[in-house]
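A.B. asks: Dropping in structure-v4.txt, with compact mmCIF, C-alpha atoms.
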```txt
# COMPACT_ATOMS: atom_id res chain seq x y z
CA MET A 1 43.94 36.40 -42.32
CA THR A 2 47.10 38.15 -41.11
CA LYS A 3 47.84 39.16 -37.52
CA GLU A 4 47.48 42.81 -38.51
CA THR A 5 43.98 42.22 -39.92
CA LYS A 6 42.90 40.27 -36.82
CA ASN A 7 44.11 42.95 -34.39
CA THR A 8 42.69 45.90 -36.34
CA LYS A 9 40.17 47.61 -34.07
CA VAL A 10 36.86 48.76 -35.45
CA PRO A 11 36.32 52.51 -34.81
CA SER A 12 33.78 53.16 -32.03
CA ASP A 13 31.64 55.32 -34.34
CA TYR A 14 31.61 52.69 -37.13
CA GLN A 15 28.24 51.98 -38.73
CA PRO A 16 27.60 49.59 -41.64
CA ARG A 17 26.27 51.25 -44.81
CA LEU A 18 22.85 49.56 -44.56
CA GLN A 19 22.45 50.66 -40.94
CA LYS A 20 23.05 54.27 -42.00
CA LEU A 21 20.63 53.79 -44.91
CA TYR A 22 17.96 52.55 -42.50
CA LYS A 23 18.34 55.57 -40.19
CA GLU A 24 18.65 58.21 -42.91
CA LYS A 25 16.27 57.02 -45.65
CA VAL A 26 14.28 53.87 -44.78
CA LEU A 27 13.00 55.09 -41.38
CA PRO A 28 11.61 58.44 -42.69
CA ALA A 29 10.08 56.67 -45.72
CA LEU A 30 8.37 54.06 -43.49
CA LEU A 31 7.08 56.75 -41.11
CA LYS A 32 5.52 58.58 -44.07
CA GLU A 33 4.09 55.48 -45.79
CA MET A 34 2.68 53.94 -42.61
CA GLY A 35 1.33 57.26 -41.33
CA GLN A 36 3.19 56.99 -38.02
CA LYS A 37 4.79 59.76 -35.97
CA SER A 38 7.01 57.72 -33.64
CA PRO A 39 10.09 55.89 -35.02
CA MET A 40 9.34 53.12 -32.47
CA ALA A 41 6.08 52.32 -34.29
CA VAL A 42 7.74 51.33 -37.58
CA PRO A 43 9.38 47.90 -38.15
CA LYS A 44 13.11 47.30 -38.03
CA LEU A 45 15.39 44.32 -38.52
CA GLU A 46 16.01 42.55 -35.20
CA LYS A 47 18.27 39.60 -36.10
CA ILE A 48 19.22 37.20 -38.90
CA VAL A 49 19.29 33.47 -38.16
CA ILE A 50 21.11 31.13 -40.59
CA ASN A 51 20.55 27.37 -40.29
CA VAL A 52 22.39 24.62 -42.18
CA GLY A 53 21.17 21.03 -41.87
CA VAL A 54 23.90 18.39 -42.23
CA LYS A 55 22.33 14.97 -42.80
CA ASP A 56 25.75 13.39 -43.49
CA ALA A 57 26.83 14.21 -39.91
CA ARG A 58 25.29 10.89 -38.75
CA GLU A 59 27.90 8.87 -40.66
CA ASP A 60 30.70 11.41 -41.12
CA ILE A 61 31.39 13.94 -38.37
CA LYS A 62 33.88 15.74 -40.67
CA ALA A 63 30.92 16.93 -42.78
CA LEU A 64 29.67 18.82 -39.73
CA ASP A 65 33.10 20.45 -39.21
CA VAL A 66 33.19 21.57 -42.86
CA ALA A 67 29.65 23.01 -42.62
CA ARG A 68 30.58 24.80 -39.39
CA GLU A 69 33.71 26.34 -40.95
CA ASP A 70 31.74 27.40 -44.04
CA LEU A 71 28.96 29.04 -42.02
CA THR A 72 31.50 30.80 -39.78
CA ALA A 73 33.22 32.20 -42.92
CA ILE A 74 29.89 33.33 -44.41
CA ALA A 75 28.54 34.95 -41.25
CA GLY A 76 31.79 36.30 -39.80
CA GLN A 77 30.79 34.81 -36.45
CA SER A 78 31.37 31.37 -34.90
CA ALA A 79 28.58 28.90 -35.73
CA GLN A 80 26.94 26.66 -33.11
CA VAL A 81 26.36 22.92 -33.53
CA ARG A 82 22.67 22.02 -33.22
CA ARG A 83 21.65 18.65 -31.80
CA ALA A 84 18.50 16.55 -32.14
CA LYS A 85 16.01 17.25 -29.34
CA LYS A 86 14.32 13.85 -29.62
CA SER A 87 14.88 10.43 -31.18
CA ILE A 88 13.10 9.58 -34.46
CA SER A 89 13.64 5.95 -35.49
CA ASN A 90 12.45 6.41 -39.09
CA PHE A 91 15.27 8.92 -39.68
CA LYS A 92 17.82 6.88 -37.65
CA LEU A 93 18.04 9.85 -35.34
CA ARG A 94 18.91 9.67 -31.65
CA GLU A 95 18.50 12.41 -29.07
CA GLY A 96 21.63 14.56 -28.75
CA MET A 97 22.97 13.62 -32.19
CA PRO A 98 24.52 16.58 -34.12
CA ILE A 99 22.28 17.45 -37.08
CA GLY A 100 23.26 20.94 -38.20
CA VAL A 101 24.85 24.30 -37.50
CA ARG A 102 23.31 27.68 -36.76
CA VAL A 103 24.38 31.29 -36.33
CA THR A 104 22.41 34.32 -35.09
CA LEU A 105 23.53 37.77 -36.23
CA ARG A 106 22.63 41.05 -34.55
CA GLY A 107 23.79 44.66 -34.76
CA ALA A 108 26.59 45.63 -37.17
CA ARG A 109 27.29 42.03 -38.28
CA MET A 110 23.62 41.59 -39.19
CA TYR A 111 23.63 44.68 -41.45
CA GLU A 112 26.97 43.69 -43.01
CA PHE A 113 25.68 40.19 -43.82
CA LEU A 114 22.46 41.61 -45.30
CA GLU A 115 24.43 43.93 -47.58
CA ARG A 116 26.75 41.13 -48.76
CA PHE A 117 23.75 38.85 -49.28
CA ILE A 118 21.82 41.41 -51.39
CA CYS A 119 24.73 42.92 -53.35
CA ILE A 120 27.09 39.96 -53.83
CA ALA A 121 25.41 36.59 -53.12
CA CYS A 122 21.98 37.07 -54.76
CA PRO A 123 23.36 38.04 -58.22
CA ARG A 124 25.38 34.77 -58.13
CA ILE A 125 22.24 32.59 -57.84
CA ARG A 126 21.67 30.72 -61.10
CA ASP A 127 18.62 31.99 -63.10
CA PHE A 128 17.73 34.39 -60.29
CA GLN A 129 14.43 36.20 -60.86
CA GLY A 130 13.97 37.54 -57.32
CA PHE A 131 12.56 36.03 -54.12
CA ASN A 132 8.90 35.24 -53.55
CA ASP A 133 7.37 38.13 -51.57
CA LYS A 134 4.95 35.68 -49.94
CA ALA A 135 7.77 33.91 -48.05
CA PHE A 136 6.71 35.56 -44.77
CA ASP A 137 5.57 33.61 -41.72
CA GLY A 138 2.47 35.63 -40.76
CA LYS A 139 4.39 37.65 -38.14
CA GLY A 140 6.46 39.82 -40.48
CA ASN A 141 9.55 37.56 -40.59
CA LEU A 142 11.04 36.56 -43.95
CA ASN A 143 12.20 32.95 -44.50
CA LEU A 144 14.41 32.12 -47.49
CA GLY A 145 15.78 28.77 -48.60
CA ILE A 146 19.10 28.78 -50.45
CA LYS A 147 19.98 25.64 -52.43
CA GLU A 148 23.76 26.10 -52.69
CA HIS A 149 26.12 27.84 -50.29
CA TYR A 150 28.54 28.44 -53.18
CA ILE A 151 26.79 31.75 -53.90
CA PHE A 152 28.90 33.25 -51.11
CA PRO A 153 32.39 34.23 -52.32
CA GLU A 154 33.88 33.31 -48.91
CA ILE A 155 33.46 29.60 -49.74
CA ASP A 156 36.47 27.70 -51.08
CA VAL A 157 35.08 24.98 -53.39
CA GLU A 158 38.18 22.80 -52.92
CA LYS A 159 37.80 22.73 -49.13
CA SER A 160 34.02 22.33 -49.33
CA PRO A 161 33.37 19.96 -52.26
CA LYS A 162 29.74 19.14 -51.38
CA ALA A 163 27.09 21.82 -51.84
CA HIS A 164 24.63 22.25 -49.00
CA GLY A 165 21.56 24.41 -48.66
CA MET A 166 20.63 26.79 -45.89
CA ASN A 167 17.64 28.53 -44.40
CA ILE A 168 17.94 32.25 -43.68
CA THR A 169 15.37 33.92 -41.42
CA PHE A 170 15.18 37.72 -41.29
CA VAL A 171 13.46 38.45 -37.97
CA THR A 172 11.77 41.87 -37.86
CA THR A 173 9.73 43.79 -35.28
CA ALA A 174 6.84 44.05 -37.79
CA LYS A 175 3.45 42.99 -36.47
CA ASN A 176 2.26 41.59 -39.82
CA ASP A 177 3.56 40.41 -43.19
CA GLU A 178 2.63 43.62 -44.99
CA ALA A 179 4.81 45.75 -42.69
CA GLY A 180 7.64 43.19 -42.89
CA ARG A 181 7.45 43.14 -46.70
CA LEU A 182 7.54 46.95 -46.79
CA LEU A 183 10.64 47.03 -44.56
CA MET A 184 12.53 44.37 -46.53
CA THR A 185 11.64 46.05 -49.85
CA TYR A 186 13.04 49.39 -48.61
CA MET A 187 16.16 47.59 -47.34
CA GLY A 188 16.78 46.42 -50.92
CA MET A 189 15.68 42.77 -50.80
CA PRO A 190 15.21 41.68 -54.44
CA PHE A 191 11.63 40.40 -54.60
CA ARG A 192 10.18 38.86 -57.75
CA LYS A 193 8.23 41.36 -59.81
CA ALA A 194 4.65 40.35 -60.56
CA ALA A 195 4.19 39.46 -64.24
CA ALA A 196 2.23 42.08 -66.15
CA LYS A 197 -1.20 40.79 -67.17
```
Please render this file's structure as structure tokens.
C.D. replies:
Amino acid sequence: MTKETKNTKVPSDYQPRLQKLYKEKVLPALLKEMGQKSPMAVPKLEKIVINVGVKDAREDIKALDVAREDLTAIAGQSAQVRRAKKSISNFKLREGMPIGVRVTLRGARMYEFLERFICIACPRIRDFQGFNDKAFDGKGNLNLGIKEHYIFPEIDVEKSPKAHGMNITFVTTAKNDEAGRLLMTYMGMPFRKAAAK
């Protein structure tokens, strides 16, 4: 990244494409489908949380640094190191030991990541047939497990030779799974189509 790119200011009226899409098309469609009159009554995306577990961090702290750099490149925001909250002897885990990295995206960065994930990363998943539309947690939040972080074009395979998986949680304001599923479908999330009987 050059100095010019780093110092380029984002215009104050800048809005990611998906954020505009939500306001102009998704919101009116949800109001109509859910039979609501107030825009506050329909679900919206609140934040995206990306977690990467690094089991090799116990023996090799460099693995944690690589995972942190990778996640920072993918999210466009500095990743935090997560530490074990309690000791578990069976897993050779001690309290305070680094075990993974996490990043929480909100606002413009959240919408930008979602667009890159749907339009660029998902088509790069091997044998991709769509995500399971039952991967909701009962409260309208979508949880997805990704096996390889190489689906993101920001990753340099030479600098990150070992593939690691990640968990991506799309936190919504939906009160139930049905409303959350409706929101994520309108936002363009590629769900698996049910096989015709």
A.B. asks: Tell me which of A:Lys23, A:Arg181, A:Lys37, A:Lys193 sits closest to A:Asp137, counting only C-alpha atoms.
C.D. replies: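 Result for the nearest residue to A:Asp137: A:Arg181.
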A.B. asks: For a quick check of understanding, using all atoms listed in the file, which of A:Arg124, A:Cys119, A:Tyr186, A:Asn132 has the smallest distance to A:Leu27?
C.D. replies: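 Looking only at the distances to A:Leu27, the closest residue turns out to be A:Tyr186.
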A.B. asks: Using only C-alpha atoms, give me every residue within 9 Å of (29.3, 29.7, -38.1) in file coordinates, as a list in words.
C.D. replies: Ile50, Ala67, Arg68, Glu69, Asp70, Leu71, Thr72, Ala73, Ile74, Ala75, Gly76, Gln77, Ser78, Ala79, Gln80, Val81, Val101, Arg102, Val103 and Thr104 of chain A
A.B. asks: What is the atom CA of A:Asp13 to atom CA of A:Met110 distance in Å?
C.D. replies: 16.6 Å
A.B. asks: Between A:Gly180, A:Gln129, A:Leu105, A:Ala29, which one has atoms that come closest to A:Val49, using all atoms listed in the file?
C.D. replies: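 Using all atoms listed in the file, A:Val49 sits closest to A:Leu105.
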A.B. asks: For the contact check between stretch 95-185 of chain A and stretch 51-55 of chain A, emit one row per residue of stretch 95-185 of chain A within 10 Å, containing the shortest atom pair and the distance in Å rounded to one decimal, counting all atoms listed in the file, chain then rising number order, as a tab-separated table.
C.D. replies:
```
residue	atom	partner	partner_atom	distance
A:Pro98	CA	A:Val54	CA	8.3
A:Ile99	CA	A:Val54	CA	5.5
A:Gly100	CA	A:Gly53	CA	4.2
A:Val101	CA	A:Val52	CA	5.3
A:Arg102	CA	A:Asn51	CA	4.5
A:Val103	CA	A:Asn51	CA	6.8
A:Thr104	CA	A:Asn51	CA	8.9
A:Gly145	CA	A:Asn51	CA	9.7
A:Ile146	CA	A:Val52	CA	9.8
A:His149	CA	A:Val52	CA	9.5
A:His164	CA	A:Val52	CA	7.6
A:Gly165	CA	A:Val52	CA	6.5
A:Met166	CA	A:Val52	CA	4.6
A:Asn167	CA	A:Asn51	CA	5.2
A:Ile168	CA	A:Asn51	CA	6.5
A:Thr169	CA	A:Asn51	CA	8.4
```
